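I have placed the structure first, in the form of structure tokens, so that the comments after it can refer back to it.
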Amino acid sequence: MQAEPVIEIKKLTKIYRDFWGRQKVRALNSLSLDVKKGEVFGLLGPNGSGKTTTMKCLLGLLFPTSGEISVLGRPANDVEKNERIGYLPEESYLYRFLNAEETLDFYGRLFKISAAERRERTQQLIEMVGLKNARRRQLKEYSKGMTRRIGLAQALINNPDLVMLDEPTSGLDPIGTREMKDLIIQLKEQGKTVIMCSHLLADVQDVCDRIAILYGGELKELGNVEDLIQSKEQTCITSTELPDEAITEIDAILKKYNAEKISVEHPSTNLEELFLKTVQESIDRPGQRFVPANDGDKNQEPVSTES
Ligand SMILES: Nc1ncnc2c1ncn2[C@@H]1O[C@H](COP(=O)(O)OP(=O)(O)OP(=O)(O)O)[C@@H](O)[C@H]1O
């Protein structure tokens, strides 16, 4: 059964006009796309391609010049539907002198959530975004990563069905990025629908089910991430270590099928994995320091710095 669409955009055009009503910029041109319930959807495109304009139209903050938008079964300009939406803007505007608990309590009041429920949700969200130890510190003391996490908790205070994230991982270090991606996957597991804009393609690849690529306000690509990044022109077989004779035999088979061997390689992990593993090992085994091997001493072990 097809999942029901949470967002339906049909032939959306947005033209920004100047003070005298003259056409200034055609930010979106006949954009059509759907986002289905329970999926993580990535909106990609270079600067000025219309991502933020799309998000603002979905929230009802901007009026389309033409076209139709339905969000959670309601027209985008129906502000009541925003009670079921959580929005993390690129820059969260939070009160610097409040702490995490006070911040979430404040936003909970705006949604008219009862005191008991506010208390429960505040603690749950603080735990979820990993700010338990910093929950009583003023936000002005928070690092960029912590600020992003409290911003996400604030966007989730109303237990939204649809979560809209603008550049959720921008400015975060690899650990903060991994944690934010895990949180996004957690939201999906809770049955929420997520739409996010990002320039960080590796992050998008890790968490998104489908993506749309915009350019100049027009849709240029739309589909399942796995399908879109799959190279149909090449076949890659990964095996355990092979002896040279096996490679020679494989060469003969490729020749038989008129195929050309492009590479034989040991697959590598990515930098993010290596960085996280190294940091985790440092946490698990404090006092270990890596010393570069000399030419004649290739198998040198890491040195313990513990006295
Ligand atoms: N308020 C505005 N008035 C006039 N033009 C605008 C306004 N807001 C955006 N634009 C223009 O509309 C186009 C799309 O902008 P938008 O902010 O939606 O792009 P974006 O894809 O989010 O870009 P970025 O990646 O830089 O955030 C750009 O040409 C931009 O200059």
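Every chain in the structure tokens has a letter given in the order shown (A, B, ...), and although residue numbers restart at 1 in each chain, ligands are simply numbered from 1 in the order shown.
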DSSP alpha helix (DSSP H) residues within segment 154-295 of chain A, listed as a PyMOL selection string: chain A and resi 154-155+174-189+201-207+225-229+244-256+271-284
Determine, for each residue of chain A having at least one atom at most 6 Å from an atom of ligand 1, the closest pair of atoms and their separation in Å to one decimal, counting only C-alpha atoms and all ligand atoms; order by chain and ascending number, as CSV.
residue,atom,partner,partner_atom_place_in_ligand_line,distance
A:Tyr16,CA,ligand 1,4 (C),4.9
A:Val25,CA,ligand 1,5 (N),5.5
A:Ala27,CA,ligand 1,12 (O),4.2
A:Gly45,CA,ligand 1,21 (O),5.9
A:Pro46,CA,ligand 1,25 (O),5.5
A:Asn47,CA,ligand 1,25 (O),3.4
A:Gly48,CA,ligand 1,19 (O),3.4
A:Ser49,CA,ligand 1,21 (O),3.8
A:Gly50,CA,ligand 1,18 (O),3.2
A:Lys51,CA,ligand 1,21 (O),3.9
A:Thr52,CA,ligand 1,22 (O),3.6
A:Thr53,CA,ligand 1,18 (O),3.7
Would you give me, as a tab-separated table, each residue of segment 157-250 of chain A having an atom within 9 Å of an atom of segment 139-150 of chain A, along with its shortest atom pair and that distance in Å to one decimal, using only C-alpha atoms and sorting by chain and residue number?
residue	atom	partner	partner_atom	distance
A:Pro168	CA	A:Arg148	CA	7.4
A:Thr169	CA	A:Arg148	CA	8.1
A:Ser170	CA	A:Arg148	CA	9.0
A:Gly171	CA	A:Lys144	CA	7.1
A:Leu172	CA	A:Gly145	CA	5.5
A:Asp173	CA	A:Gly145	CA	7.7
A:Gly176	CA	A:Gly145	CA	6.0
A:Thr177	CA	A:Gly145	CA	8.4
A:Met180	CA	A:Arg149	CA	7.6
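Here atom CA of Leu187 of chain A and atom CA of Ala115 of chain A stand 24.1 Å from one another.
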Could you make a table, as a Markdown table, of the residues of segment 106-206 of chain A that have an atom within 12 Å of an atom of segment 228-239 of chain A, each with its nearest atom pair and distance in Å to one decimal, counting only C-alpha atoms, in chain and number order?
| residue | atom | partner | partner_atom | distance |
| --- | --- | --- | --- | --- |
| A:Leu201 | CA | A:Ile229 | CA | 11.5 |
| A:Ala202 | CA | A:Ile229 | CA | 11.7 |
| A:Val204 | CA | A:Ile229 | CA | 12.0 |
| A:Gln205 | CA | A:Ile229 | CA | 9.1 |
Select, from A:Ala100, A:Asn159, A:Leu276, A:Ser30, the residue with the minimum atom-to-atom distance to Glu179 of chain A, counting only C-alpha atoms. A:Leu276
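Selecting strand (DSSP E) from the backbone DSSP output for segment 143-204 of chain A yields Leu162, Val163, Met164, Leu165, Asp166, Thr193, Val194, Ile195, Met196 and Cys197 of chain A.
Straight-line separation from atom CA of Ile195 of chain A to atom CA of Val71 of chain A: 11.8 Å.
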Have a look at atom CA of Leu183 of chain A and atom CA of Asp161 of chain A and let me know their distance in Å, one decimal.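 Between atom CA of Leu183 of chain A and atom CA of Asp161 of chain A the gap is 15.0 Å.
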Show which residues sit within 6 Å of Asp166 of chain A, as JSON, numbers by chain. Count only C-alpha atoms, and ignore same-chain residues fewer than 3 positions away. {"A": [88, 89, 90, 196, 197]}
Would you mind exporting the chosen residues as a PDB file, in the first residue's frame, restricted to C-alpha atoms?
ATOM      1  CA  LEU A  88      14.447  23.906  13.075  1.00  0.00           C
ATOM      2  CA  PRO A  89      15.593  27.029  11.202  1.00  0.00           C
ATOM      3  CA  GLU A  90      19.197  27.410  10.058  1.00  0.00           C
ATOM      4  CA  MET A 196      15.514  18.603   5.537  1.00  0.00           C
ATOM      5  CA  CYS A 197      17.631  21.027   3.491  1.00  0.00           C
TER       6      CYS A 197
END
Exercise: Glu8 of chain A partners within 8 Å, only C-alpha atoms, chain neighbours under 4 positions left out, as a VMD selection string: chain A and resid 32 to 35 68 to 71
